[in-house]
file data_37.cif (mmCIF, C-alpha atoms and all ligand atoms)
data_my_file
loop_
_atom_site.group_PDB
_atom_site.id
_atom_site.type_symbol
_atom_site.label_atom_id
_atom_site.label_comp_id
_atom_site.auth_asym_id
_atom_site.auth_seq_id
_atom_site.Cartn_x
_atom_site.Cartn_y
_atom_site.Cartn_z
ATOM 1 C CA MET W 243 71.916 54.386 109.040
ATOM 2 C CA LEU W 244 74.196 55.883 111.629
ATOM 3 C CA LYS W 245 72.436 58.234 113.985
ATOM 4 C CA ARG W 246 74.411 60.586 116.132
ATOM 5 C CA THR W 247 73.042 62.444 119.115
ATOM 6 C CA LEU W 248 73.921 66.091 118.683
ATOM 7 C CA MET W 249 72.272 67.421 121.784
ATOM 8 C CA ALA W 250 73.886 66.119 124.906
ATOM 9 C CA SER W 251 71.630 68.162 127.146
ATOM 10 C CA VAL W 252 68.363 67.516 125.267
ATOM 11 C CA ALA W 253 68.874 63.948 124.140
ATOM 12 C CA VAL W 254 65.685 63.690 122.067
ATOM 13 C CA PHE W 255 67.307 65.456 119.117
ATOM 14 C CA THR W 256 69.233 63.250 116.712
ATOM 15 C CA PHE W 257 70.443 64.021 113.211
ATOM 16 C CA ALA W 258 70.643 61.399 110.516
ATOM 17 C CA ALA W 259 74.283 61.057 109.520
ATOM 18 C CA GLY W 260 76.203 58.587 107.423
ATOM 19 C CA ALA W 261 73.599 58.963 104.680
ATOM 20 C CA GLY W 262 76.128 60.013 102.063
ATOM 21 C CA HIS W 263 75.830 63.494 100.659
ATOM 22 C CA ALA W 264 73.909 66.642 101.570
ATOM 23 C CA GLN W 265 71.974 67.184 98.348
ATOM 24 C CA THR W 266 69.837 70.112 99.330
ATOM 25 C CA ILE W 267 70.931 72.902 101.663
ATOM 26 C CA GLY W 268 68.957 75.960 102.697
ATOM 27 C CA PHE W 269 70.909 79.192 103.190
ATOM 28 C CA SER W 270 69.376 81.997 105.211
ATOM 29 C CA GLN W 271 71.481 85.053 104.433
ATOM 30 C CA ILE W 272 71.152 88.335 106.361
ATOM 31 C CA GLY W 273 70.874 90.580 103.311
ATOM 32 C CA SER W 274 73.293 92.633 101.276
ATOM 33 C CA GLU W 275 74.277 95.384 103.683
ATOM 34 C CA SER W 276 77.954 95.364 102.744
ATOM 35 C CA GLY W 277 80.435 94.434 100.067
ATOM 36 C CA TRP W 278 81.661 91.659 102.314
ATOM 37 C CA ARG W 279 78.146 90.220 102.604
ATOM 38 C CA ALA W 280 77.722 90.250 98.817
ATOM 39 C CA ALA W 281 81.005 88.351 98.468
ATOM 40 C CA GLU W 282 79.969 85.783 101.072
ATOM 41 C CA THR W 283 76.764 85.153 99.109
ATOM 42 C CA THR W 284 78.656 84.821 95.810
ATOM 43 C CA VAL W 285 81.259 82.467 97.277
ATOM 44 C CA THR W 286 78.580 80.314 98.933
ATOM 45 C CA MET W 287 76.697 79.944 95.663
ATOM 46 C CA GLN W 288 79.900 79.097 93.772
ATOM 47 C CA GLU W 289 80.973 76.541 96.391
ATOM 48 C CA ALA W 290 77.536 74.913 96.268
ATOM 49 C CA GLU W 291 77.600 74.733 92.481
ATOM 50 C CA ASN W 292 81.110 73.235 92.450
ATOM 51 C CA ARG W 293 79.953 70.516 94.844
ATOM 52 C CA GLY W 294 76.678 69.732 93.083
ATOM 53 C CA ILE W 295 74.593 71.005 95.990
ATOM 54 C CA ASP W 296 71.076 72.316 95.394
ATOM 55 C CA LEU W 297 71.331 75.570 97.406
ATOM 56 C CA ARG W 298 68.032 77.175 98.379
ATOM 57 C CA PHE W 299 68.805 80.823 99.056
ATOM 58 C CA SER W 300 66.767 83.231 101.152
ATOM 59 C CA ASP W 301 67.653 86.922 101.602
ATOM 60 C CA ALA W 302 66.256 88.186 104.926
ATOM 61 C CA GLN W 303 66.741 91.876 104.167
ATOM 62 C CA GLN W 304 68.238 92.455 107.600
ATOM 63 C CA ARG W 305 65.187 91.132 109.491
ATOM 64 C CA GLN W 306 65.372 88.295 111.986
ATOM 65 C CA GLU W 307 61.706 87.407 111.503
ATOM 66 C CA ASN W 308 62.415 86.776 107.813
ATOM 67 C CA GLN W 309 65.263 84.473 108.781
ATOM 68 C CA ILE W 310 63.082 82.526 111.207
ATOM 69 C CA ALA W 311 60.397 82.176 108.508
ATOM 70 C CA ALA W 312 63.055 80.998 106.032
ATOM 71 C CA LEU W 313 64.330 78.366 108.458
ATOM 72 C CA ARG W 314 60.777 77.108 109.023
ATOM 73 C CA SER W 315 60.271 76.927 105.282
ATOM 74 C CA PHE W 316 63.533 74.976 104.854
ATOM 75 C CA ILE W 317 62.413 72.576 107.585
ATOM 76 C CA ALA W 318 59.042 72.105 105.865
ATOM 77 C CA GLN W 319 60.832 71.436 102.559
ATOM 78 C CA GLY W 320 62.890 68.721 104.252
ATOM 79 C CA VAL W 321 66.323 70.091 103.298
ATOM 80 C CA ASP W 322 69.352 68.031 104.344
ATOM 81 C CA ALA W 323 71.046 70.914 106.185
ATOM 82 C CA ILE W 324 70.742 74.638 106.827
ATOM 83 C CA LEU W 325 73.325 77.437 106.703
ATOM 84 C CA LEU W 326 72.376 80.396 108.895
ATOM 85 C CA ALA W 327 74.135 83.774 109.006
ATOM 86 C CA PRO W 328 72.232 85.192 111.995
ATOM 87 C CA VAL W 329 71.569 88.935 111.893
ATOM 88 C CA VAL W 330 71.490 89.223 115.704
ATOM 89 C CA ALA W 331 72.706 86.931 118.471
ATOM 90 C CA THR W 332 69.509 86.400 120.469
ATOM 91 C CA GLY W 333 66.110 84.846 119.782
ATOM 92 C CA TRP W 334 67.025 81.646 117.942
ATOM 93 C CA ASP W 335 66.234 78.922 120.484
ATOM 94 C CA SER W 336 62.767 77.905 119.249
ATOM 95 C CA VAL W 337 63.553 77.655 115.558
ATOM 96 C CA LEU W 338 66.858 75.883 116.213
ATOM 97 C CA GLU W 339 64.988 73.386 118.371
ATOM 98 C CA GLU W 340 62.519 72.865 115.512
ATOM 99 C CA ALA W 341 65.417 72.130 113.132
ATOM 100 C CA ALA W 342 66.936 69.713 115.647
ATOM 101 C CA GLU W 343 63.591 67.947 116.092
ATOM 102 C CA ALA W 344 63.447 67.563 112.303
ATOM 103 C CA GLU W 345 67.003 66.147 112.430
ATOM 104 C CA ILE W 346 68.323 68.904 110.175
ATOM 105 C CA PRO W 347 71.822 70.086 111.125
ATOM 106 C CA VAL W 348 72.329 73.849 111.196
ATOM 107 C CA VAL W 349 75.704 75.465 110.513
ATOM 108 C CA LEU W 350 76.219 79.074 111.584
ATOM 109 C CA LEU W 351 78.130 81.315 109.215
ATOM 110 C CA ASP W 352 80.227 84.332 110.283
ATOM 111 C CA ARG W 353 78.033 85.447 113.211
ATOM 112 C CA MET W 354 77.220 83.699 116.464
ATOM 113 C CA VAL W 355 74.029 83.112 118.470
ATOM 114 C CA ASP W 356 73.604 82.941 122.230
ATOM 115 C CA SER W 357 71.688 79.625 122.040
ATOM 116 C CA ASP W 358 72.874 76.311 123.471
ATOM 117 C CA PRO W 359 75.728 75.168 121.187
ATOM 118 C CA ASP W 360 74.086 71.732 121.123
ATOM 119 C CA LEU W 361 71.405 73.279 118.910
ATOM 120 C CA TYR W 362 73.759 73.696 115.953
ATOM 121 C CA LEU W 363 76.309 71.376 114.366
ATOM 122 C CA THR W 364 79.141 73.882 114.074
ATOM 123 C CA ALA W 365 79.869 77.560 113.471
ATOM 124 C CA VAL W 366 82.314 78.875 110.876
ATOM 125 C CA GLY W 367 83.685 82.326 111.576
ATOM 126 C CA SER W 368 86.586 84.442 112.671
ATOM 127 C CA ASP W 369 87.562 85.423 116.193
ATOM 128 C CA LEU W 370 85.583 88.669 116.201
ATOM 129 C CA VAL W 371 87.074 89.887 119.479
ATOM 130 C CA HIS W 372 90.547 89.306 118.069
ATOM 131 C CA GLU W 373 89.686 91.398 114.993
ATOM 132 C CA GLY W 374 88.734 94.359 117.184
ATOM 133 C CA ARG W 375 91.807 93.867 119.361
ATOM 134 C CA VAL W 376 94.100 93.885 116.302
ATOM 135 C CA ALA W 377 92.506 97.168 115.166
ATOM 136 C CA GLY W 378 92.970 98.697 118.639
ATOM 137 C CA GLU W 379 96.578 97.544 118.930
ATOM 138 C CA TRP W 380 97.308 98.964 115.492
ATOM 139 C CA LEU W 381 96.021 102.370 116.646
ATOM 140 C CA VAL W 382 98.091 102.268 119.848
ATOM 141 C CA GLU W 383 101.219 101.794 117.741
ATOM 142 C CA ALA W 384 100.186 104.296 115.079
ATOM 143 C CA VAL W 385 99.693 107.212 117.491
ATOM 144 C CA ASP W 386 102.781 106.278 119.518
ATOM 145 C CA GLY W 387 101.710 107.892 122.786
ATOM 146 C CA ALA W 388 100.055 111.012 121.323
ATOM 147 C CA ASP W 389 96.601 111.955 122.620
ATOM 148 C CA CYS W 390 93.921 110.492 120.384
ATOM 149 C CA ARG W 391 90.152 111.009 120.507
ATOM 150 C CA VAL W 392 88.441 108.163 118.654
ATOM 151 C CA VAL W 393 84.979 107.951 117.120
ATOM 152 C CA GLU W 394 83.518 104.489 116.631
ATOM 153 C CA LEU W 395 81.002 103.286 114.039
ATOM 154 C CA GLN W 396 79.409 100.150 115.409
ATOM 155 C CA GLY W 397 77.836 97.363 113.373
ATOM 156 C CA THR W 398 74.229 96.244 113.621
ATOM 157 C CA THR W 399 73.023 96.546 117.206
ATOM 158 C CA GLY W 400 72.769 93.144 118.876
ATOM 159 C CA SER W 401 74.880 91.359 116.253
ATOM 160 C CA SER W 402 77.846 89.337 117.451
ATOM 161 C CA PRO W 403 80.403 91.280 115.350
ATOM 162 C CA ALA W 404 79.191 94.596 116.753
ATOM 163 C CA ILE W 405 79.413 93.303 120.319
ATOM 164 C CA ASP W 406 82.720 91.478 119.927
ATOM 165 C CA ARG W 407 84.530 94.003 117.752
ATOM 166 C CA LYS W 408 83.677 96.728 120.250
ATOM 167 C CA ASN W 409 84.964 94.648 123.164
ATOM 168 C CA GLY W 410 88.054 93.631 121.226
ATOM 169 C CA PHE W 411 88.977 97.182 120.301
ATOM 170 C CA GLU W 412 88.545 98.292 123.918
ATOM 171 C CA GLN W 413 90.892 95.473 124.938
ATOM 172 C CA GLY W 414 93.375 96.575 122.277
ATOM 173 C CA ILE W 415 93.559 100.151 123.583
ATOM 174 C CA ALA W 416 93.320 99.235 127.284
ATOM 175 C CA GLY W 417 96.326 100.650 129.058
ATOM 176 C CA ALA W 418 96.849 103.394 126.463
ATOM 177 C CA ASP W 419 95.621 106.338 128.527
ATOM 178 C CA ASN W 420 96.294 108.648 125.581
ATOM 179 C CA ILE W 421 93.477 107.006 123.558
ATOM 180 C CA GLU W 422 89.830 107.647 124.337
ATOM 181 C CA ILE W 423 86.627 106.635 122.516
ATOM 182 C CA VAL W 424 84.637 109.876 122.614
ATOM 183 C CA ARG W 425 81.657 108.904 120.435
ATOM 184 C CA SER W 426 80.209 105.551 119.475
ATOM 185 C CA GLN W 427 77.082 104.868 117.470
ATOM 186 C CA THR W 428 75.712 102.214 115.144
ATOM 187 C CA GLY W 429 76.048 102.658 111.389
ATOM 188 C CA ASP W 430 74.329 99.302 110.801
ATOM 189 C CA PHE W 431 77.246 98.002 108.708
ATOM 190 C CA THR W 432 76.126 100.122 105.722
ATOM 191 C CA ARG W 433 77.957 102.751 103.719
ATOM 192 C CA THR W 434 75.017 105.160 103.820
ATOM 193 C CA ARG W 435 74.607 105.046 107.588
ATOM 194 C CA GLY W 436 78.369 105.167 108.064
ATOM 195 C CA LYS W 437 78.472 108.442 106.155
ATOM 196 C CA GLU W 438 75.475 109.921 107.961
ATOM 197 C CA VAL W 439 76.730 109.040 111.434
ATOM 198 C CA MET W 440 80.224 110.299 110.611
ATOM 199 C CA GLU W 441 78.712 113.614 109.500
ATOM 200 C CA SER W 442 77.082 113.953 112.914
ATOM 201 C CA PHE W 443 80.369 113.031 114.649
ATOM 202 C CA LEU W 444 82.230 115.674 112.638
ATOM 203 C CA GLN W 445 79.650 118.304 113.464
ATOM 204 C CA ALA W 446 79.758 117.475 117.177
ATOM 205 C CA GLU W 447 83.563 117.395 117.274
ATOM 206 C CA ASN W 448 84.529 120.876 116.113
ATOM 207 C CA GLY W 449 84.143 120.074 112.422
ATOM 208 C CA GLY W 450 86.373 117.042 112.937
ATOM 209 C CA ALA W 451 89.296 119.014 114.385
ATOM 210 C CA ASP W 452 88.866 117.196 117.712
ATOM 211 C CA ILE W 453 88.840 113.715 116.141
ATOM 212 C CA CYS W 454 92.114 111.843 115.793
ATOM 213 C CA ALA W 455 90.853 108.476 114.531
ATOM 214 C CA LEU W 456 87.833 106.576 113.264
ATOM 215 C CA TYR W 457 87.322 102.930 114.160
ATOM 216 C CA ALA W 458 84.595 101.335 112.002
ATOM 217 C CA HIS W 459 83.322 97.802 112.587
ATOM 218 C CA ASN W 460 83.371 97.234 108.822
ATOM 219 C CA ASP W 461 84.950 98.704 105.711
ATOM 220 C CA ASP W 462 81.683 99.832 104.130
ATOM 221 C CA MET W 463 80.948 102.188 107.026
ATOM 222 C CA ALA W 464 84.565 103.389 106.834
ATOM 223 C CA VAL W 465 84.200 104.123 103.108
ATOM 224 C CA GLY W 466 81.022 106.127 103.798
ATOM 225 C CA ALA W 467 82.792 107.958 106.626
ATOM 226 C CA ILE W 468 85.802 108.731 104.417
ATOM 227 C CA GLN W 469 83.431 110.504 102.038
ATOM 228 C CA ALA W 470 81.989 112.518 104.934
ATOM 229 C CA ILE W 471 85.486 113.478 106.120
ATOM 230 C CA LYS W 472 86.423 114.676 102.637
ATOM 231 C CA GLU W 473 83.207 116.675 102.323
ATOM 232 C CA ALA W 474 84.083 118.321 105.669
ATOM 233 C CA GLY W 475 87.325 119.552 104.082
ATOM 234 C CA LEU W 476 89.628 117.182 105.949
ATOM 235 C CA ASN W 477 92.045 114.535 104.727
ATOM 236 C CA PRO W 478 91.011 111.010 105.765
ATOM 237 C CA GLY W 479 94.032 108.882 106.535
ATOM 238 C CA GLN W 480 95.992 111.948 107.663
ATOM 239 C CA ASP W 481 93.842 114.423 109.630
ATOM 240 C CA ILE W 482 91.706 111.508 110.825
ATOM 241 C CA LEU W 483 93.183 108.010 110.895
ATOM 242 C CA VAL W 484 90.846 105.294 109.612
ATOM 243 C CA VAL W 485 90.943 101.666 110.791
ATOM 244 C CA SER W 486 88.237 99.129 109.995
ATOM 245 C CA ILE W 487 87.495 95.448 109.371
ATOM 246 C CA ASP W 488 86.729 93.185 106.348
ATOM 247 C CA ALA W 489 89.448 93.890 103.737
ATOM 248 C CA VAL W 490 87.038 94.494 100.836
ATOM 249 C CA PRO W 491 88.386 95.841 97.515
ATOM 250 C CA ASP W 492 87.105 99.383 98.115
ATOM 251 C CA ILE W 493 89.105 99.767 101.315
ATOM 252 C CA PHE W 494 92.241 98.693 99.436
ATOM 253 C CA GLN W 495 91.587 101.500 96.972
ATOM 254 C CA ALA W 496 91.270 103.874 99.935
ATOM 255 C CA LEU W 497 94.487 102.480 101.452
ATOM 256 C CA ALA W 498 96.278 102.915 98.113
ATOM 257 C CA ALA W 499 95.031 106.527 97.939
ATOM 258 C CA GLY W 500 96.223 107.204 101.499
ATOM 259 C CA GLU W 501 92.637 107.777 102.676
ATOM 260 C CA ALA W 502 92.478 104.741 104.989
ATOM 261 C CA ASN W 503 95.193 103.350 107.227
ATOM 262 C CA ALA W 504 94.429 99.764 108.202
ATOM 263 C CA THR W 505 91.906 96.962 107.820
ATOM 264 C CA VAL W 506 91.595 93.519 109.381
ATOM 265 C CA GLU W 507 90.637 90.780 106.951
ATOM 266 C CA LEU W 508 87.486 88.692 107.254
ATOM 267 C CA THR W 509 87.410 85.947 104.634
ATOM 268 C CA PRO W 510 84.132 85.712 102.709
ATOM 269 C CA ASN W 511 84.682 81.970 102.205
ATOM 270 C CA MET W 512 82.783 80.641 105.188
ATOM 271 C CA ALA W 513 80.850 78.174 103.009
ATOM 272 C CA GLY W 514 83.875 76.080 101.979
ATOM 273 C CA PRO W 515 84.668 74.940 105.539
ATOM 274 C CA ALA W 516 80.920 74.640 106.271
ATOM 275 C CA PHE W 517 80.310 72.321 103.315
ATOM 276 C CA ASP W 518 83.457 70.322 104.184
ATOM 277 C CA ALA W 519 82.112 69.794 107.698
ATOM 278 C CA LEU W 520 78.691 68.766 106.406
ATOM 279 C CA GLU W 521 80.193 66.382 103.845
ATOM 280 C CA ALA W 522 82.223 64.601 106.532
ATOM 281 C CA TYR W 523 79.223 64.519 108.841
ATOM 282 C CA PHE W 524 76.936 63.020 106.215
ATOM 283 C CA ALA W 525 79.619 60.607 104.965
ATOM 284 C CA ASP W 526 80.408 58.843 108.209
ATOM 285 C CA GLY W 527 79.014 60.855 111.092
ATOM 286 C CA THR W 528 82.223 62.792 111.779
ATOM 287 C CA MET W 529 81.406 65.533 114.267
ATOM 288 C CA PRO W 530 83.163 68.803 113.408
ATOM 289 C CA GLU W 531 84.742 71.106 115.953
ATOM 290 C CA LYS W 532 82.074 73.332 117.480
ATOM 291 C CA PHE W 533 83.832 76.398 116.084
ATOM 292 C CA ILE W 534 85.777 76.370 112.822
ATOM 293 C CA GLN W 535 87.915 79.481 112.885
ATOM 294 C CA THR W 536 88.933 81.414 109.783
ATOM 295 C CA GLU W 537 92.055 83.557 109.660
ATOM 296 C CA SER W 538 92.136 87.323 110.204
ATOM 297 C CA ARG W 539 95.143 89.427 109.318
ATOM 298 C CA LEU W 540 95.957 93.105 109.347
ATOM 299 C CA TYR W 541 96.624 95.086 106.156
ATOM 300 C CA THR W 542 98.084 98.586 106.112
ATOM 301 C CA GLN W 543 99.237 101.023 103.437
ATOM 302 C CA ALA W 544 102.555 99.110 103.455
ATOM 303 C CA ASP W 545 100.937 95.875 102.238
ATOM 304 C CA ASP W 546 100.615 96.629 98.513
ATOM 305 C CA PRO W 547 96.991 97.798 98.653
ATOM 306 C CA ALA W 548 96.851 98.400 94.884
ATOM 307 C CA GLY W 549 97.897 94.787 94.296
ATOM 308 C CA GLU W 550 95.405 93.531 96.885
ATOM 309 C CA TYR W 551 92.667 95.502 95.143
ATOM 310 C CA GLU W 552 93.535 93.900 91.799
ATOM 311 C CA ALA W 553 93.555 90.439 93.360
ATOM 312 C CA ARG W 554 90.128 90.865 94.961
ATOM 313 C CA LYS W 555 88.129 93.093 92.660
ATOM 314 C CA ASP W 556 86.490 90.248 90.709
ATOM 315 C CA LEU W 557 85.693 87.987 93.646
ATOM 316 C CA GLY W 558 82.068 89.001 94.082
ATOM 317 C CA TYR W 559 82.460 91.957 96.463
HETATM 318 O O1 LIG X 601 79.181 89.367 110.151
HETATM 319 C C1 LIG X 601 80.206 89.899 109.394
HETATM 320 C C2 LIG X 601 79.969 91.345 109.123
HETATM 321 O O2 LIG X 601 78.724 91.520 108.529
HETATM 322 C C3 LIG X 601 80.946 91.982 108.172
HETATM 323 O O3 LIG X 601 82.100 92.439 108.772
HETATM 324 C C4 LIG X 601 80.129 93.114 107.683
HETATM 325 O O4 LIG X 601 80.645 93.754 106.562
HETATM 326 C C5 LIG X 601 78.843 92.426 107.447
HETATM 327 O O5 LIG X 601 77.797 93.226 107.280
#

call {"tool": "encode", "arguments": {"input": "data_37.cif", "output": "structure tokens"}}
result
Amino acid sequence: MLKRTLMASVAVFTFAAGAGHAQTIGFSQIGSESGWRAAETTVTMQEAENRGIDLRFSDAQQRQENQIAALRSFIAQGVDAILLAPVVATGWDSVLEEAAEAEIPVVLLDRMVDSDPDLYLTAVGSDLVHEGRVAGEWLVEAVDGADCRVVELQGTTGSSPAIDRKNGFEQGIAGADNIEIVRSQTGDFTRTRGKEVMESFLQAENGGADICALYAHNDDMAVGAIQAIKEAGLNPGQDILVVSIDAVPDIFQALAAGEANATVELTPNMAGPAFDALEAYFADGTMPEKFIQTESRLYTQADDPAGEYEARKDLGY
């Protein structure tokens, strides 16, 4: 049996490869905070079924300790591999070392960790900084030099998309002195919190009259915020521009209704490339790239949002 050393820096860890097929894979999912997350879960289950994989699913309900317990349980069960969508970026070293000691490869899905990359086989995700930058650059063009006070709904504190999408957006608007982020707070990637935080932004900003644009780190928070803007008597998409990330069906409905302006797509199919990488690894020891990048593209009201909604509405969102 071919053995391949995965950890260059800590050479004691080896994973058994070349054994054929990953039969049993544990999947530690964050929870179901957003439409995008629900779709990722659905797609992962479908991909596993299509490939004859026994997928053991664990929903962490947004808590890192639940994810760590799930990983330890997967290790104890002797699964062939683990998929991990990590809720936050820090605090994974010990459990990833335990998986490596058990020779179980871990693949990260959609979010990153700050651990030594030698502790996981590969990560499948988008360029999260790029997503934020695309959103920022869209706003620079949309306001065309006019003064613009922006409120920002951040994702889950300490998560890689919240950190990177914030940085990316700031890069996108850097140099546009007319654009200023005046308020920024977490909405935890949920619709409910997005609405609540937007209500407080509106109250603090002259009923919304002093807000030119909302940047939300995901569509669900944007959809919640759109509701808050409407309840405040303003027109989202016109009085307050709305740009967000994910490209879920509901934001396409908002784009079609003129209530949102732009979204940057995050594909929910992270599992396909992850299973491909694991299959090659188990077949003949092929080491995947450390980061398998998925595409992100911008959609606006000009990109047939009604058609995009129809195309996506039954995909598990
Ligand atoms: O990690 C990806 C992010 O997590 C998605 O953009 C968001 O909707 C989800 O909660």

call {"tool": "closest_atom_pairs", "arguments": {"input": "data_37.cif", "of": "range 455-515 of chain W", "to": "range 429-433 of chain W", "cutoff": "8 Å", "atoms": "all atoms listed in the file", "output": "JSON lines"}}
result
{"residue": "W:His459", "atom": "CA", "partner": "W:Phe431", "partner_atom": "CA", "distance": 7.2}
{"residue": "W:Asn460", "atom": "CA", "partner": "W:Phe431", "partner_atom": "CA", "distance": 6.2}
{"residue": "W:Asp462", "atom": "CA", "partner": "W:Arg433", "partner_atom": "CA", "distance": 4.8}
{"residue": "W:Met463", "atom": "CA", "partner": "W:Arg433", "partner_atom": "CA", "distance": 4.5}
{"residue": "W:Ala464", "atom": "CA", "partner": "W:Arg433", "partner_atom": "CA", "distance": 7.3}
{"residue": "W:Val465", "atom": "CA", "partner": "W:Arg433", "partner_atom": "CA", "distance": 6.4}
{"residue": "W:Gly466", "atom": "CA", "partner": "W:Arg433", "partner_atom": "CA", "distance": 4.6}
{"residue": "W:Ala467", "atom": "CA", "partner": "W:Arg433", "partner_atom": "CA", "distance": 7.7}

call {"tool": "write_last_selection", "arguments": {"input": "data_37.cif", "atoms": "C-alpha atoms", "output": "short mmCIF file (atom, residue, chain, number, x, y, z; two decimals), in the coordinates of the input"}}
result
data_model
loop_
_atom_site.label_atom_id
_atom_site.label_comp_id
_atom_site.auth_asym_id
_atom_site.auth_seq_id
_atom_site.Cartn_x
_atom_site.Cartn_y
_atom_site.Cartn_z
CA HIS W 459 83.32 97.80 112.59
CA ASN W 460 83.37 97.23 108.82
CA ASP W 462 81.68 99.83 104.13
CA MET W 463 80.95 102.19 107.03
CA ALA W 464 84.56 103.39 106.83
CA VAL W 465 84.20 104.12 103.11
CA GLY W 466 81.02 106.13 103.80
CA ALA W 467 82.79 107.96 106.63
#

call {"tool": "residues_near_ligand", "arguments": {"input": "data_37.cif", "ligand": "ligand LIG 601 (chain X)", "cutoff": "7 Å", "atoms": "only C-alpha atoms and all ligand atoms", "output": "PyMOL selection string"}}
result
chain W and resi 275-279+352-353+403+431+459-462+487-488+508

call {"tool": "closest_residue", "arguments": {"input": "data_37.cif", "among": "W:Asp406, W:Glu507, W:Glu441, W:Glu307", "to": "Gly475 in chain W", "atoms": "all atoms listed in the file"}}
result
W:Glu441

call {"tool": "resolve_selection", "arguments": {"input": "data_37.cif", "expression": "the PyMOL selection byres (((chain W and resi 359) around 12) and not hetatm)", "output": "count of residues only"}}
result
28

call {"tool": "residues_around", "arguments": {"input": "data_37.cif", "residues": "Glu501 in chain W", "least_positions_apart": "2", "cutoff": "8 Å", "atoms": "only C-alpha atoms", "output": "mmCIF file with C-alpha atoms, in the coordinates of the input"}}
result
data_model
loop_
_atom_site.group_PDB
_atom_site.id
_atom_site.type_symbol
_atom_site.label_atom_id
_atom_site.label_comp_id
_atom_site.auth_asym_id
_atom_site.auth_seq_id
_atom_site.Cartn_x
_atom_site.Cartn_y
_atom_site.Cartn_z
ATOM 1 C CA ILE W 468 85.802 108.731 104.417
ATOM 2 C CA ASN W 477 92.045 114.535 104.727
ATOM 3 C CA PRO W 478 91.011 111.010 105.765
ATOM 4 C CA GLY W 479 94.032 108.882 106.535
ATOM 5 C CA GLN W 480 95.992 111.948 107.663
ATOM 6 C CA VAL W 484 90.846 105.294 109.612
ATOM 7 C CA ALA W 496 91.270 103.874 99.935
ATOM 8 C CA LEU W 497 94.487 102.480 101.452
ATOM 9 C CA ALA W 498 96.278 102.915 98.113
ATOM 10 C CA ALA W 499 95.031 106.527 97.939
ATOM 11 C CA ASN W 503 95.193 103.350 107.227
#

call {"tool": "closest_residue", "arguments": {"input": "data_37.cif", "among": "W:Phe494, W:Phe517, W:Trp380, W:Tyr523", "to": "Gly549 in chain W", "atoms": "all atoms listed in the file"}}
result
W:Phe494

call {"tool": "residues_around", "arguments": {"input": "data_37.cif", "residues": "Val393 in chain W", "least_positions_apart": "3", "cutoff": "8 Å", "atoms": "only C-alpha atoms", "output": "list in words"}}
result
Ile423, Val424, Arg425, Ser426, Phe443, Ile453, Ala455, Leu456 and Tyr457 of chain W

call {"tool": "resolve_selection", "arguments": {"input": "data_37.cif", "expression": "the PyMOL selection byres (((chain W and resi 286) around 9) and not hetatm)", "output": "PyMOL selection string"}}
result
chain W and resi 269+281-285+287-291+297+510-514
